[in-house]
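Enquirer: mmCIF, C-alpha atoms and all ligand atoms, saved as work_1.cif, coming up:
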```cif
data_my_file
loop_
_atom_site.label_atom_id
_atom_site.label_comp_id
_atom_site.auth_asym_id
_atom_site.auth_seq_id
_atom_site.Cartn_x
_atom_site.Cartn_y
_atom_site.Cartn_z
CA MET A 688 -24.43 28.44 67.00
CA LYS A 689 -22.88 29.07 70.43
CA LYS A 690 -23.46 25.50 71.56
CA TYR A 691 -21.39 24.21 68.61
CA ARG A 692 -18.43 26.46 69.49
CA THR A 693 -16.20 23.72 70.97
CA ALA A 694 -16.92 21.37 68.05
CA ILE A 695 -15.96 24.08 65.56
CA ILE A 696 -12.83 25.15 67.48
CA LEU A 697 -11.50 21.60 67.72
CA PHE A 698 -12.31 20.85 64.08
CA ILE A 699 -10.38 23.97 63.03
CA VAL A 700 -7.44 23.09 65.30
CA PHE A 701 -7.11 19.59 63.82
CA GLU A 702 -7.63 20.82 60.25
CA THR A 703 -4.89 23.44 60.80
CA ILE A 704 -2.53 20.74 62.07
CA ALA A 705 -3.44 18.55 59.07
CA LEU A 706 -2.73 21.32 56.54
CA TRP A 707 0.41 22.52 58.30
CA LEU A 708 1.98 19.03 58.54
CA TRP A 709 1.03 18.25 54.94
CA GLN A 710 2.62 21.47 53.72
CA ALA A 711 5.71 21.09 55.94
CA THR A 712 6.42 17.45 55.04
CA GLY A 713 4.70 16.96 51.68
CA ASN A 714 3.23 13.77 53.15
CA LEU A 715 -0.46 13.35 52.24
CA PHE A 716 -0.92 10.92 55.14
CA PHE A 717 -0.84 13.80 57.64
CA LEU A 718 -3.61 15.63 55.79
CA LEU A 719 -5.85 12.56 55.67
CA ASN A 720 -5.04 11.36 59.20
CA PHE A 721 -5.64 14.62 61.08
CA SER A 722 -8.60 15.58 58.86
CA TYR A 723 -10.25 12.27 59.70
CA ILE A 724 -9.62 12.71 63.44
CA GLY A 725 -10.74 16.37 63.39
CA THR A 726 -13.89 15.53 61.45
CA SER A 727 -14.75 12.66 63.82
CA ILE A 728 -14.29 14.90 66.86
CA GLY A 729 -16.12 17.85 65.30
CA VAL A 730 -19.10 15.76 64.18
CA GLY A 731 -19.27 13.90 67.50
CA LEU A 732 -19.15 17.07 69.59
CA ALA A 733 -21.75 18.70 67.35
CA LEU A 734 -24.04 15.69 67.83
CA ILE A 735 -23.54 15.88 71.60
CA ALA A 736 -24.32 19.62 71.54
CA ALA A 737 -27.46 18.83 69.55
CA GLY A 738 -28.50 16.46 72.35
CA TRP A 739 -27.65 13.07 70.85
CA LYS A 740 -27.00 10.60 73.67
CA TYR A 741 -24.25 8.50 72.11
CA GLY A 742 -22.13 11.22 70.48
CA ARG A 743 -19.15 10.61 72.76
CA GLU A 744 -19.19 6.84 72.22
CA LEU A 745 -19.42 7.39 68.46
CA VAL A 746 -16.29 9.60 68.42
CA GLN A 747 -14.47 7.18 70.70
CA PHE A 748 -15.14 4.31 68.28
CA MET A 749 -14.39 6.34 65.15
CA VAL A 750 -11.02 7.56 66.45
CA GLY A 751 -10.09 4.64 68.73
CA SER A 752 -10.74 1.85 66.23
CA TYR A 753 -9.01 3.83 63.45
CA MET A 754 -5.87 4.12 65.58
CA LEU A 755 -5.91 0.58 66.91
CA VAL A 756 -6.93 -1.26 63.75
CA PHE A 757 -5.69 0.91 60.89
CA LEU A 758 -2.58 2.59 62.32
CA GLY A 759 -1.62 -0.13 64.79
CA LEU A 760 -2.66 -3.49 63.37
CA ILE A 761 -2.57 -2.72 59.63
CA CYS A 762 0.16 -0.05 59.32
CA HIS A 763 2.25 -1.52 62.19
CA GLU A 764 2.74 1.83 63.96
CA ASN A 765 3.37 1.18 67.65
CA MET A 766 1.05 3.72 69.28
CA GLN A 767 1.65 2.46 72.84
CA ILE A 768 3.81 4.50 75.22
CA GLU A 769 6.76 2.15 74.58
CA GLY A 770 6.48 2.94 70.86
CA PHE A 771 6.60 6.63 71.66
CA TRP A 772 9.80 6.25 73.73
CA LEU A 773 11.43 4.12 71.06
CA TYR A 774 10.58 6.45 68.17
CA LEU A 775 11.66 9.40 70.29
CA ALA A 776 15.00 7.75 71.13
CA ALA A 777 15.51 7.01 67.43
CA GLY A 778 14.58 10.59 66.46
CA ILE A 779 11.68 9.39 64.28
CA TRP A 780 8.99 12.06 63.99
CA GLY A 781 6.24 9.84 62.64
CA GLY A 782 2.70 8.90 63.61
CA ALA A 783 3.31 7.80 67.22
CA THR A 784 5.59 10.69 68.24
CA LEU A 785 3.25 13.28 66.75
CA HIS A 786 0.27 11.50 68.26
CA TYR A 787 1.76 11.71 71.76
CA LEU A 788 2.84 15.32 71.35
CA ILE A 789 -0.60 16.39 70.09
CA ALA A 790 -3.04 14.17 72.01
CA LYS A 791 -1.17 13.54 75.23
CA ILE A 792 1.43 16.23 75.90
CA PHE A 793 0.61 19.63 74.37
CA GLY A 794 -3.01 19.06 73.28
CA PRO A 795 -4.18 18.67 76.91
CA LEU A 796 -3.21 22.32 77.43
CA LEU A 797 -6.18 23.08 75.16
CA PHE A 798 -8.62 20.19 75.55
CA GLY A 799 -7.56 18.54 78.82
CA ARG A 800 -7.98 14.78 78.86
CA GLY A 801 -10.28 14.80 75.85
CA TRP A 802 -8.17 11.91 74.57
CA CYS A 803 -9.44 9.76 77.47
CA GLY A 804 -13.07 10.61 76.86
CA TYR A 805 -13.23 10.60 73.07
CA ALA A 806 -10.43 8.63 71.47
CA CYS A 807 -8.66 6.05 73.61
CA TRP A 808 -9.04 2.55 72.20
CA THR A 809 -8.52 0.94 75.62
CA ALA A 810 -11.35 2.94 77.21
CA MET A 811 -13.43 2.39 74.05
CA ILE A 812 -13.78 -1.26 75.14
CA LEU A 813 -13.82 -0.64 78.91
CA ASP A 814 -16.71 1.81 78.52
CA LEU A 815 -18.85 -1.04 77.09
CA LEU A 816 -18.76 -2.84 80.44
CA PRO A 817 -21.77 -2.37 82.74
CA TYR A 818 -20.00 -0.52 85.60
CA LYS A 819 -20.51 3.01 84.31
CA ASN A 820 -20.55 4.79 87.66
CA SER A 821 -17.54 5.21 89.89
CA SER A 822 -17.17 2.89 92.86
CA GLY A 823 -14.94 5.46 94.59
CA ARG A 824 -11.18 5.75 94.88
CA ARG A 825 -8.66 3.35 96.30
CA LYS A 826 -5.14 4.37 97.22
CA LEU A 827 -3.65 2.63 94.18
CA GLY A 828 -2.76 5.65 92.01
CA PHE A 829 0.95 5.03 92.67
CA ILE A 830 0.82 2.02 90.30
CA ARG A 831 0.67 4.34 87.28
CA TYR A 832 4.15 5.67 88.15
CA ILE A 833 5.54 2.14 88.41
CA MET A 834 3.99 1.35 85.01
CA PHE A 835 5.47 4.54 83.58
CA LEU A 836 8.97 3.60 84.80
CA LEU A 837 8.49 0.05 83.55
CA SER A 838 7.67 1.34 80.07
CA ILE A 839 10.93 3.29 80.01
CA ALA A 840 12.86 0.31 81.41
CA THR A 841 11.36 -1.99 78.73
CA VAL A 842 12.47 0.36 75.99
CA GLY A 843 15.92 0.75 77.57
CA LEU A 844 16.28 -3.02 77.65
CA LEU A 845 15.23 -3.39 74.00
CA ILE A 846 17.72 -0.73 72.93
CA TRP A 847 20.45 -2.43 74.97
CA LEU A 848 19.59 -5.79 73.38
CA LYS A 849 19.47 -4.10 69.95
CA LYS A 850 15.94 -5.45 69.46
CA THR A 851 14.26 -2.39 67.99
CA ASP A 852 13.29 -3.77 64.59
CA ALA A 853 9.76 -3.33 63.19
CA ASN A 854 8.75 -6.88 64.04
CA THR A 855 9.69 -6.52 67.72
CA LEU A 856 7.81 -3.20 67.88
CA TYR A 857 4.73 -4.85 66.41
CA ILE A 858 4.86 -7.76 68.88
CA LEU A 859 5.32 -5.22 71.72
CA PHE A 860 2.24 -3.37 70.48
CA LEU A 861 0.14 -6.56 70.43
CA VAL A 862 1.34 -7.77 73.83
CA GLY A 863 0.91 -4.30 75.38
CA ASN A 864 -2.66 -3.99 74.14
CA ILE A 865 -3.65 -7.49 75.22
CA PHE A 866 -2.17 -6.76 78.66
CA TYR A 867 -4.10 -3.46 78.94
CA TYR A 868 -7.39 -5.10 77.95
CA VAL A 869 -6.98 -8.08 80.27
CA VAL A 870 -5.96 -5.95 83.27
CA GLY A 871 -8.54 -3.24 82.46
CA ILE A 872 -11.46 -5.68 82.16
CA THR A 873 -10.38 -7.66 85.24
CA LEU A 874 -10.09 -4.52 87.37
CA ALA A 875 -13.41 -3.17 86.09
CA ILE A 876 -15.16 -6.38 87.16
CA LEU A 877 -13.26 -6.61 90.44
CA PHE A 878 -13.89 -3.00 91.48
CA ARG A 879 -17.23 -2.70 89.62
CA ASP A 880 -15.83 0.38 87.93
CA ASN A 881 -15.22 0.65 84.13
CA ARG A 882 -12.54 3.28 84.62
CA ALA A 883 -10.48 1.53 87.32
CA PHE A 884 -7.63 0.97 84.84
CA CYS A 885 -7.58 4.71 84.04
CA LYS A 886 -7.58 5.62 87.73
CA TYR A 887 -4.78 3.35 88.91
CA ILE A 888 -2.79 1.66 86.16
CA CYS A 889 -2.52 3.66 82.94
CA PRO A 890 1.05 5.08 82.60
CA ILE A 891 -0.07 7.69 80.07
CA THR A 892 -1.82 9.60 82.85
CA VAL A 893 1.63 10.56 84.14
CA LEU A 894 1.84 12.81 81.05
CA LEU A 895 -1.85 13.69 80.81
CA LYS A 896 -2.51 14.78 84.38
CA PRO A 897 -0.01 17.63 84.81
CA MET A 898 -0.72 19.07 81.35
CA SER A 899 -4.51 18.92 81.73
CA PHE A 900 -4.27 20.90 84.96
CA PHE A 901 -3.72 24.00 82.79
CA SER A 902 -6.36 23.12 80.19
CA LEU A 903 -8.05 26.06 78.50
CA LEU A 904 -11.23 24.08 77.86
CA ARG A 905 -12.57 22.66 81.12
CA ILE A 906 -15.83 22.08 82.92
CA ARG A 907 -16.64 25.31 84.71
CA CYS A 908 -19.08 25.64 87.55
CA ASP A 909 -21.13 28.75 88.14
CA GLU A 910 -21.07 28.43 91.91
CA SER A 911 -23.72 31.14 92.30
CA LYS A 912 -26.22 28.73 90.67
CA CYS A 913 -25.00 25.58 92.44
CA THR A 914 -27.09 24.26 95.33
CA LYS A 915 -24.54 21.56 96.26
CA CYS A 916 -27.11 18.87 95.56
CA GLY A 917 -24.29 16.42 94.74
CA LYS A 918 -25.85 14.99 91.57
CA CYS A 919 -22.77 15.82 89.47
CA LEU A 920 -20.45 14.10 91.95
CA LYS A 921 -22.59 10.97 91.89
CA GLU A 922 -22.62 10.92 88.09
CA CYS A 923 -18.90 11.53 87.54
CA PRO A 924 -17.05 8.34 86.56
CA MET A 925 -13.73 9.91 87.65
CA ASP A 926 -14.75 11.35 91.05
CA VAL A 927 -14.03 14.96 90.12
CA GLU A 928 -15.28 17.57 92.59
CA VAL A 929 -16.78 19.42 89.65
CA CYS A 930 -19.14 21.65 91.66
CA ASN A 931 -16.03 23.49 92.84
CA ASN A 932 -14.81 25.85 90.09
CA SER A 933 -11.19 25.92 91.25
CA ARG A 934 -8.46 24.25 89.19
CA ASN A 935 -7.37 22.67 92.47
CA ARG A 936 -10.67 20.87 92.98
CA LYS A 937 -10.40 17.26 94.12
CA ASN A 938 -9.36 14.92 91.28
CA ALA A 939 -9.27 17.93 88.92
CA THR A 940 -6.78 16.30 86.55
CA GLU A 941 -8.88 13.15 86.32
CA CYS A 942 -11.64 14.81 84.28
CA ILE A 943 -12.10 13.06 80.93
CA THR A 944 -14.57 15.71 79.68
CA CYS A 945 -17.32 13.14 79.19
CA LEU A 946 -19.88 15.87 80.00
CA ARG A 947 -22.07 13.53 82.04
CA CYS A 948 -22.08 15.99 84.95
CA THR A 949 -23.36 18.83 82.75
CA LYS A 950 -26.38 16.75 81.74
CA VAL A 951 -27.56 15.93 85.27
CA CYS A 952 -27.11 19.33 86.88
CA PRO A 953 -30.65 20.59 87.64
CA LYS A 954 -29.44 24.22 87.86
CA LYS A 955 -27.45 24.20 84.60
CA ALA A 956 -24.47 25.39 86.62
CA LEU A 957 -21.91 23.31 84.71
CA LYS A 958 -20.60 24.36 81.30
CA TYR A 959 -17.81 23.18 78.99
S1 LIG B 1 -6.34 6.93 81.31
FE1 LIG B 1 -5.20 5.70 79.82
S2 LIG B 1 -6.54 3.95 79.37
FE2 LIG B 1 -7.78 5.49 80.37
S3 LIG B 1 -8.66 6.62 78.70
FE3 LIG B 1 -6.82 7.74 79.30
S4 LIG B 1 -5.19 6.94 77.99
FE4 LIG B 1 -6.92 5.52 77.85
S1 LIG B 2 -25.41 19.02 90.05
FE1 LIG B 2 -25.30 21.23 89.69
S2 LIG B 2 -26.34 22.12 91.43
FE2 LIG B 2 -25.87 20.02 91.98
S3 LIG B 2 -23.90 20.12 93.04
FE3 LIG B 2 -23.48 19.73 90.89
S4 LIG B 2 -23.15 21.76 90.01
FE4 LIG B 2 -24.18 22.05 91.96
S1 LIG B 3 -18.63 13.79 84.73
FE1 LIG B 3 -17.93 15.90 84.42
S2 LIG B 3 -16.26 16.18 85.87
FE2 LIG B 3 -16.62 14.00 85.68
S3 LIG B 3 -15.21 13.32 84.13
FE3 LIG B 3 -17.12 13.72 83.10
S4 LIG B 3 -16.95 15.87 82.44
FE4 LIG B 3 -15.35 15.52 83.96
#
```
Output the file's structure in the form of C-alpha cells.
Expert:
Amino acid sequence: MKKYRTAIILFIVFETIALWLWQATGNLFFLLNFSYIGTSIGVGLALIAAGWKYGRELVQFMVGSYMLVFLGLICHENMQIEGFWLYLAAGIWGGATLHYLIAKIFGPLLFGRGWCGYACWTAMILDLLPYKNSSGRRKLGFIRYIMFLLSIATVGLLIWLKKTDANTLYILFLVGNIFYYVVGITLAILFRDNRAFCKYICPITVLLKPMSFFSLLRIRCDESKCTKCGKCLKECPMDVEVCNNSRNRKNATECITCLRCTKVCPKKALKY
C-alpha cells in the first residue's frame, strides 16, 4: 500500500476540497468538478505506482482536455492567466479564481508543479512532440516575466476600455490558447525541446516557481545511495539537479514531478 500513498493523499485532498466547496456554496458543480479532477489524479498516480508507463499522460489528458474543452470551450470560463486577473479584479470567486488558487498558488506548497506534469492542457499537446529530452538551457527565462507583466497590462487595458464582457473574455481565451500552442510548438521544434515554452515563456511559472520551492511533496535523493552516474540528469526534461537533495539544487523550482528520473536511477536513490 505504501507505493499508493501519494495517490491516496491527493485523492483525499481533492475530495475534501470538493465536499467543502459544495457544502459552503451549495453549488453541485464544485463537488463534481473537484471529484473528477481528484479521481483522475488518484487513478493516474495509482497506475504509475503500479508500473504503468503512460499513467502521467493519461491524467494529463483527462484533466487537461476537461479544462480546455469542457470548462473553457463549452462553459466559456476563461482559465488563462488573463481570466484569473479579470475575475480577481471583479471579485468573482468562480472556476478560474479557485483553479489558480488551488492548482497554481497554494496547491504547489503541497504538490509542487504537479499541475505542469499532470494537468496543463498546453503541455498536454507539447508532450506529444518528439523532443522528449531536454536540449539544455538558454538564458531566455526572463521572457516569462515580460509575459507575466503583459498579461496584467492586457487586463488593465480591457478594464480601462470597459471591455470585460463574457464574449471578450471568450475571445481572449481562444486567442491566448492559439498563441500558446503556436509559440510552444514552434519553440519545441526550433530548440528540439518539448518543454521550451515552459522553460522560457509561460507566465504562470512566475506564480508556480516560488511556491513550489517550499513543496511538501518533492523528489528526494538518498545521497548515500547515489553514485553520481548522471542518468537522472540526462533523463530530466527540466534540467533539475535532482541527485542533490537540497531545496536549492539547480533548477529546483522547474521540477514538474514527471517521475522520469526515479525510473532510470539504477540505485533507487530517488523517491517521491
Ligand atoms: S510551465 Fe506553463 S505551459 Fe508549461 S506545463 Fe506549466 S503551466 Fe503549462
Ligand atoms: S541516477 Fe541515481 S545514482 Fe545516478 S546520479 Fe541520479 S540519483 Fe545518483
Ligand atoms: S525528471 Fe525528475 S527532477 Fe526532472 S522534472 Fe521529472 S520528476 Fe522532476
Enquirer: Nearest residue to Phe721 of chain A out of A:Cys942, A:Val862, A:Ile696, A:Leu785, using all atoms listed in the file?
Expert: A:Leu785
Enquirer: Between A:Cys908, A:Leu861, A:Ala806, A:Leu719, which one has atoms that come closest to Gln747 of chain A, using only C-alpha atoms?
Expert: A:Ala806
Enquirer: Do you have, as a Markdown table, the list of residues of chain A lying at most 9 Å from ligand LIG 1 (chain B), each with its nearest atom pair and that distance in Å to one decimal, counting all atoms listed in the file and ordered by chain then number?
Expert:
```
| residue | atom | partner | partner_atom | distance |
| --- | --- | --- | --- | --- |
| A:Lys791 | CA | B:LIG1 | S4 | 8.2 |
| A:Arg800 | CA | B:LIG1 | FE3 | 7.1 |
| A:Gly801 | CA | B:LIG1 | FE3 | 8.6 |
| A:Trp802 | CA | B:LIG1 | FE3 | 6.4 |
| A:Cys803 | CA | B:LIG1 | S3 | 3.5 |
| A:Gly804 | CA | B:LIG1 | S3 | 6.2 |
| A:Tyr805 | CA | B:LIG1 | S3 | 8.3 |
| A:Ala806 | CA | B:LIG1 | S3 | 7.7 |
| A:Cys807 | CA | B:LIG1 | FE4 | 4.6 |
| A:Trp808 | CA | B:LIG1 | FE4 | 6.7 |
| A:Thr809 | CA | B:LIG1 | S2 | 5.2 |
| A:Ala810 | CA | B:LIG1 | S3 | 4.8 |
| A:Met811 | CA | B:LIG1 | S3 | 7.9 |
| A:Leu813 | CA | B:LIG1 | S2 | 8.6 |
| A:Tyr867 | CA | B:LIG1 | S2 | 7.8 |
| A:Gly871 | CA | B:LIG1 | S2 | 8.1 |
| A:Arg882 | CA | B:LIG1 | FE2 | 6.8 |
| A:Ala883 | CA | B:LIG1 | FE2 | 8.4 |
| A:Phe884 | CA | B:LIG1 | S2 | 6.3 |
| A:Cys885 | CA | B:LIG1 | S1 | 3.7 |
| A:Lys886 | CA | B:LIG1 | S1 | 6.7 |
| A:Tyr887 | CA | B:LIG1 | S1 | 8.5 |
| A:Ile888 | CA | B:LIG1 | FE1 | 7.9 |
| A:Cys889 | CA | B:LIG1 | FE1 | 4.6 |
| A:Pro890 | CA | B:LIG1 | FE1 | 6.9 |
| A:Ile891 | CA | B:LIG1 | FE1 | 5.5 |
| A:Thr892 | CA | B:LIG1 | S1 | 5.5 |
| A:Leu895 | CA | B:LIG1 | FE3 | 7.9 |
| A:Glu941 | CA | B:LIG1 | S1 | 8.4 |
| A:Ile943 | CA | B:LIG1 | S3 | 7.6 |
```
Enquirer: So what do you get for atom CA of Val870 of chain A versus atom CA of Ile768 of chain A, distance-wise?
Expert: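 Between atom CA of Val870 of chain A and atom CA of Ile768 of chain A the gap is 16.4 Å.
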Enquirer: Please return as a count of residues only the residues found within 8 Å of ligand LIG 2 (chain B), counting only C-alpha atoms and all ligand atoms.
Expert: 24
Enquirer: As an exercise, work out the distance from atom CA of Leu697 of chain A to atom CA of Met749 of chain A in Å and give it to one decimal place.
Expert: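 Distance between the two atoms: 15.7 Å.
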Enquirer: If you measure from atom CA of Tyr818 of chain A to atom CA of Phe748 of chain A, what distance in Å do you get, rounded to one decimal?
Expert: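 For atom CA of Tyr818 of chain A relative to atom CA of Phe748 of chain A, the distance reads 18.6 Å.
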Enquirer: Pick the closest to Asn714 of chain A from A:Pro795, A:Gly782, A:Leu836, A:Ser752: which is it, counting all atoms listed in the file?
Expert: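 Looking at the shortest contact to Asn714 of chain A, the residue is A:Gly782.
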Enquirer: Some atoms are absent from segment 926-952 of chain A, so rebuild N, CA and C atoms and return them as an mmCIF file, keeping the file's coordinate frame.
Expert:
```cif
data_model
loop_
_atom_site.group_PDB
_atom_site.id
_atom_site.type_symbol
_atom_site.label_atom_id
_atom_site.label_comp_id
_atom_site.auth_asym_id
_atom_site.auth_seq_id
_atom_site.Cartn_x
_atom_site.Cartn_y
_atom_site.Cartn_z
ATOM 1 N N ASP A 926 -14.728 10.780 89.692
ATOM 2 C CA ASP A 926 -14.750 11.350 91.050
ATOM 3 C C ASP A 926 -14.206 12.784 91.125
ATOM 4 N N VAL A 927 -14.506 13.574 90.127
ATOM 5 C CA VAL A 927 -14.030 14.960 90.120
ATOM 6 C C VAL A 927 -15.011 15.828 90.946
ATOM 7 N N GLU A 928 -14.451 16.672 91.771
ATOM 8 C CA GLU A 928 -15.280 17.570 92.590
ATOM 9 C C GLU A 928 -15.682 18.764 91.706
ATOM 10 N N VAL A 929 -16.543 18.464 90.732
ATOM 11 C CA VAL A 929 -16.780 19.420 89.650
ATOM 12 C C VAL A 929 -17.642 20.621 90.076
ATOM 13 N N CYS A 930 -18.325 20.517 91.211
ATOM 14 C CA CYS A 930 -19.140 21.650 91.660
ATOM 15 C C CYS A 930 -18.280 22.743 92.309
ATOM 16 N N ASN A 931 -16.982 22.489 92.378
ATOM 17 C CA ASN A 931 -16.030 23.490 92.840
ATOM 18 C C ASN A 931 -15.331 24.022 91.580
ATOM 19 N N ASN A 932 -15.350 25.327 91.358
ATOM 20 C CA ASN A 932 -14.810 25.850 90.090
ATOM 21 C C ASN A 932 -13.288 25.945 90.051
ATOM 22 N N SER A 933 -12.646 25.752 91.194
ATOM 23 C CA SER A 933 -11.190 25.920 91.250
ATOM 24 C C SER A 933 -10.457 24.851 90.431
ATOM 25 N N ARG A 934 -9.290 25.231 89.890
ATOM 26 C CA ARG A 934 -8.460 24.250 89.190
ATOM 27 C C ARG A 934 -7.899 23.218 90.170
ATOM 28 N N ASN A 935 -7.902 23.578 91.443
ATOM 29 C CA ASN A 935 -7.370 22.670 92.470
ATOM 30 C C ASN A 935 -8.442 21.765 93.067
ATOM 31 N N ARG A 936 -9.621 21.710 92.418
ATOM 32 C CA ARG A 936 -10.670 20.870 92.980
ATOM 33 C C ARG A 936 -10.198 19.405 93.054
ATOM 34 N N LYS A 937 -10.832 18.642 93.907
ATOM 35 C CA LYS A 937 -10.400 17.260 94.120
ATOM 36 C C LYS A 937 -10.491 16.463 92.812
ATOM 37 N N ASN A 938 -9.449 15.726 92.510
ATOM 38 C CA ASN A 938 -9.360 14.920 91.280
ATOM 39 C C ASN A 938 -9.511 15.758 90.003
ATOM 40 N N ALA A 939 -9.120 17.021 90.070
ATOM 41 C CA ALA A 939 -9.270 17.930 88.920
ATOM 42 C C ALA A 939 -8.648 17.359 87.645
ATOM 43 N N THR A 940 -7.470 16.774 87.758
ATOM 44 C CA THR A 940 -6.780 16.300 86.550
ATOM 45 C C THR A 940 -7.244 14.911 86.111
ATOM 46 N N GLU A 941 -8.316 14.448 86.729
ATOM 47 C CA GLU A 941 -8.880 13.150 86.320
ATOM 48 C C GLU A 941 -10.033 13.329 85.344
ATOM 49 N N CYS A 942 -10.468 14.570 85.134
ATOM 50 C CA CYS A 942 -11.640 14.810 84.280
ATOM 51 C C CYS A 942 -11.367 14.374 82.837
ATOM 52 N N ILE A 943 -12.258 13.542 82.303
ATOM 53 C CA ILE A 943 -12.100 13.060 80.930
ATOM 54 C C ILE A 943 -13.056 13.791 79.973
ATOM 55 N N THR A 944 -13.632 14.860 80.449
ATOM 56 C CA THR A 944 -14.570 15.710 79.680
ATOM 57 C C THR A 944 -15.715 14.929 79.026
ATOM 58 N N CYS A 945 -16.216 13.942 79.747
ATOM 59 C CA CYS A 945 -17.320 13.140 79.190
ATOM 60 C C CYS A 945 -18.639 13.902 79.186
ATOM 61 N N LEU A 946 -18.713 14.970 79.943
ATOM 62 C CA LEU A 946 -19.880 15.870 80.000
ATOM 63 C C LEU A 946 -21.093 15.284 80.726
ATOM 64 N N ARG A 947 -20.935 14.136 81.340
ATOM 65 C CA ARG A 947 -22.070 13.530 82.040
ATOM 66 C C ARG A 947 -22.600 14.444 83.137
ATOM 67 N N CYS A 948 -21.675 15.098 83.844
ATOM 68 C CA CYS A 948 -22.080 15.990 84.950
ATOM 69 C C CYS A 948 -22.951 17.136 84.447
ATOM 70 N N THR A 949 -22.611 17.655 83.267
ATOM 71 C CA THR A 949 -23.360 18.830 82.750
ATOM 72 C C THR A 949 -24.815 18.459 82.441
ATOM 73 N N LYS A 950 -25.026 17.173 82.114
ATOM 74 C CA LYS A 950 -26.380 16.750 81.740
ATOM 75 C C LYS A 950 -27.277 16.536 82.944
ATOM 76 N N VAL A 951 -26.693 16.227 84.110
ATOM 77 C CA VAL A 951 -27.560 15.930 85.270
ATOM 78 C C VAL A 951 -27.763 17.130 86.187
ATOM 79 N N CYS A 952 -26.995 18.186 85.965
ATOM 80 C CA CYS A 952 -27.110 19.330 86.880
ATOM 81 C C CYS A 952 -28.487 20.017 86.718
#
```
